[in-house]
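Next up, work-v6.cif (mmCIF, C-alpha atoms and all ligand atoms):
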```
data_data
loop_
_atom_site.label_atom_id
_atom_site.label_comp_id
_atom_site.auth_asym_id
_atom_site.auth_seq_id
_atom_site.Cartn_x
_atom_site.Cartn_y
_atom_site.Cartn_z
CA MET J 1 141.89 107.11 84.72
CA ALA J 2 144.52 104.45 84.60
CA ARG J 3 142.30 102.04 82.93
CA VAL J 4 143.76 100.12 80.10
CA ALA J 5 141.28 99.45 77.45
CA ARG J 6 140.27 95.93 77.85
CA ARG J 7 140.45 94.16 74.61
CA ARG J 8 139.30 90.86 75.80
CA LYS J 9 135.80 91.41 76.81
CA ARG J 10 134.45 88.34 78.29
CA ARG J 11 131.56 87.40 76.20
CA ILE J 12 128.96 85.63 78.11
CA LYS J 13 126.65 83.98 75.77
CA GLN J 14 123.32 85.18 76.83
CA VAL J 15 120.43 87.17 75.70
CA LYS J 16 121.32 90.80 75.65
CA ARG J 17 120.51 92.05 79.09
CA VAL J 18 121.49 94.92 81.21
CA ARG J 19 124.14 93.84 83.65
CA LYS J 20 125.66 96.90 85.14
CA PRO J 21 123.76 98.62 87.89
CA SER J 22 122.52 101.57 85.99
CA ARG J 23 119.71 103.81 87.01
CA TYR J 24 117.98 103.57 83.72
CA PHE J 25 116.96 100.55 81.78
CA GLN J 26 115.77 100.14 78.29
CA CYS J 27 112.03 100.15 78.20
CA PRO J 28 110.72 96.89 76.81
CA ARG J 29 107.76 98.67 75.33
CA CYS J 30 109.15 101.73 73.59
CA GLY J 31 112.87 100.98 73.62
CA ALA J 32 113.95 104.22 75.26
CA MET J 33 116.53 104.21 78.04
CA THR J 34 114.15 105.83 80.44
CA LEU J 35 112.84 102.96 82.47
CA THR J 36 113.41 103.21 86.18
CA VAL J 37 112.82 100.67 88.89
CA ASP J 38 112.02 101.63 92.43
CA PHE J 39 111.27 99.64 95.50
CA LYS J 40 108.71 100.19 98.16
CA LYS J 41 108.45 98.48 101.46
CA LEU J 42 105.62 96.15 102.03
CA ASP J 43 104.26 94.81 105.26
CA SER J 44 105.75 91.51 104.41
CA ALA J 45 109.27 90.76 105.57
CA ASN J 46 109.99 88.64 102.56
CA GLU J 47 108.54 90.73 99.83
CA LYS J 48 108.82 94.22 98.52
CA LEU J 49 107.08 96.14 95.86
CA ALA J 50 108.93 96.89 92.68
CA ILE J 51 107.70 99.74 90.58
CA ALA J 52 108.90 100.18 87.05
CA ARG J 53 108.18 103.34 85.17
CA CYS J 54 109.09 104.60 81.78
CA GLY J 55 109.40 108.32 81.29
CA THR J 56 108.81 108.07 77.58
CA CYS J 57 105.77 105.87 77.03
CA HIS J 58 104.52 106.06 80.63
CA LEU J 59 104.70 102.40 81.17
CA TYR J 60 103.79 101.60 84.73
CA CYS J 61 104.30 98.26 86.31
CA GLU J 62 104.11 97.02 89.86
CA LEU J 63 105.33 93.69 91.03
CA ARG J 64 105.61 92.01 94.36
CA VAL J 65 109.02 90.50 94.44
CA PRO J 66 111.23 88.72 96.96
CA ILE J 67 113.15 91.15 99.10
CA THR J 68 116.43 89.87 97.74
CA LEU J 69 115.75 90.88 94.19
CA ASP J 70 117.58 93.84 92.83
CA LYS J 71 116.69 96.24 90.09
CA VAL J 72 118.23 94.25 87.32
CA ASP J 73 116.27 91.18 88.34
CA VAL J 74 113.10 93.17 88.35
CA TYR J 75 113.94 94.59 84.99
CA ASN J 76 114.46 91.13 83.60
CA LYS J 77 111.10 90.08 84.92
CA ILE J 78 109.46 93.03 83.30
CA SER J 79 111.18 92.34 80.01
CA ASP J 80 109.80 88.85 80.15
CA LEU J 81 106.33 90.12 80.86
CA ALA J 82 106.59 92.55 78.01
CA TYR J 83 107.80 89.84 75.71
CA GLU J 84 104.83 87.72 76.60
CA ASN J 85 102.51 90.65 76.30
CA ARG J 86 101.54 90.44 79.92
CA LEU J 87 102.50 93.88 81.09
CA ASP J 88 98.92 94.75 81.87
CA GLU J 89 98.98 92.16 84.61
CA CYS J 90 101.09 94.44 86.72
CA SER J 91 100.07 97.79 85.38
CA ARG J 92 97.72 98.66 88.17
CA PRO J 93 98.67 99.23 91.75
CA THR J 94 98.20 96.24 93.96
CA SER J 95 98.60 98.12 97.17
CA GLU J 96 95.77 100.60 96.99
CA GLU J 97 92.83 99.05 95.36
CA ASP J 98 90.37 101.83 95.59
CA SER J 99 92.25 104.66 93.97
CA GLU J 100 90.89 104.26 90.51
CA GLY J 101 92.24 106.65 88.00
CA GLU J 102 93.09 109.11 90.68
CA GLU J 103 96.73 109.23 89.84
CA GLU J 104 96.45 109.27 86.13
CA GLY J 105 95.66 112.91 85.77
CA SER J 106 98.31 114.15 88.14
CA GLU J 107 101.07 112.29 86.44
CA GLU J 108 100.59 113.95 83.14
CA GLY J 109 100.94 117.37 84.66
CA GLU J 110 104.55 117.05 85.67
CA GLU J 111 106.63 117.16 82.60
CA GLU J 112 110.13 118.39 82.45
ZN ZN N 201 108.69 103.09 77.40
#
```
File written out as structure tokens:
Amino acid sequence: MARVARRRKRRIKQVKRVRKPSRYFQCPRCGAMTLTVDFKKLDSANEKLAIARCGTCHLYCELRVPITLDKVDVYNKISDLAYENRLDECSRPTSEEDSEGEEEGSEEGEEE
């Protein structure tokens, strides 16, 4: 690793937000670094489905987002929602409307 320690970190004055493309984000609800964001294809060519999940507090959040958004953008959106206490707005699947509670039981079974 020929990386000289960079003393001069460029400080961008901003709210503390995850910038590097990491797999895990800090969960806005419980604060653990176990939040993941996944994408699913939608029928729409302009939109995709973003799914955020926290392995610690089992936060679950689905959002339809523009196809150009990446994980960090989605994470920022979710942080905003959490901040405004609106996480429940996206906490249920939008894609399958008639699968009530079906998945809840199965998710608790798989613990590592
Ligand atoms: Zn959490």
Problem set entry | Spatial neighbours of segment 67-78 of chain J, 10 Å, only C-alpha atoms, chain gap at least 6 places, as a PyMOL selection string | chain J and resi 17-29+35-39+41-42+44-52+61+84+86-87+90
Padded axis-aligned box of segment 43-55 of chain J (3 Å per side), centre and edge lengths, Å, one decimal, as lines of an AutoDock Vina configuration file:
```
center_x = 107.1
center_y = 98.5
center_z = 93.4
size_x = 11.7
size_y = 25.7
size_z = 30.3
```
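The spacing separating atom CA of Gly55 of chain J from atom CA of Cys30 of chain J amounts to 10.1 Å.
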Seminar exercise, completed: Of J:Thr34, J:Asp43, J:Ser91, J:Asn85, the one nearest to ligand ZN 201 (chain N) when counting only C-alpha atoms and all ligand atoms is J:Thr34
Exercise. From the set J:Gly31, J:Arg10, J:Asp88, J:Ala82, which residue has the shortest atom-to-atom contact distance to Cys57 of chain J, counting all atoms listed in the file?
Worked result: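 Checking each of J:Gly31, J:Arg10, J:Asp88, J:Ala82 against Cys57 of chain J, counting all atoms listed in the file, the winner is J:Gly31.
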Exercise. Nearest to ligand ZN 201 (chain N): which of J:Leu81, J:Leu63, J:Cys54, J:Met33 is it, counting only C-alpha atoms and all ligand atoms?
Worked result: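 Nearest candidate to ligand ZN 201 (chain N) out of J:Leu81, J:Leu63, J:Cys54, J:Met33: J:Cys54.
Closest to ligand ZN 201 (chain N) among J:Arg8, J:Arg92, J:Arg53, J:Lys40 is J:Arg53, based on all atoms listed in the file.
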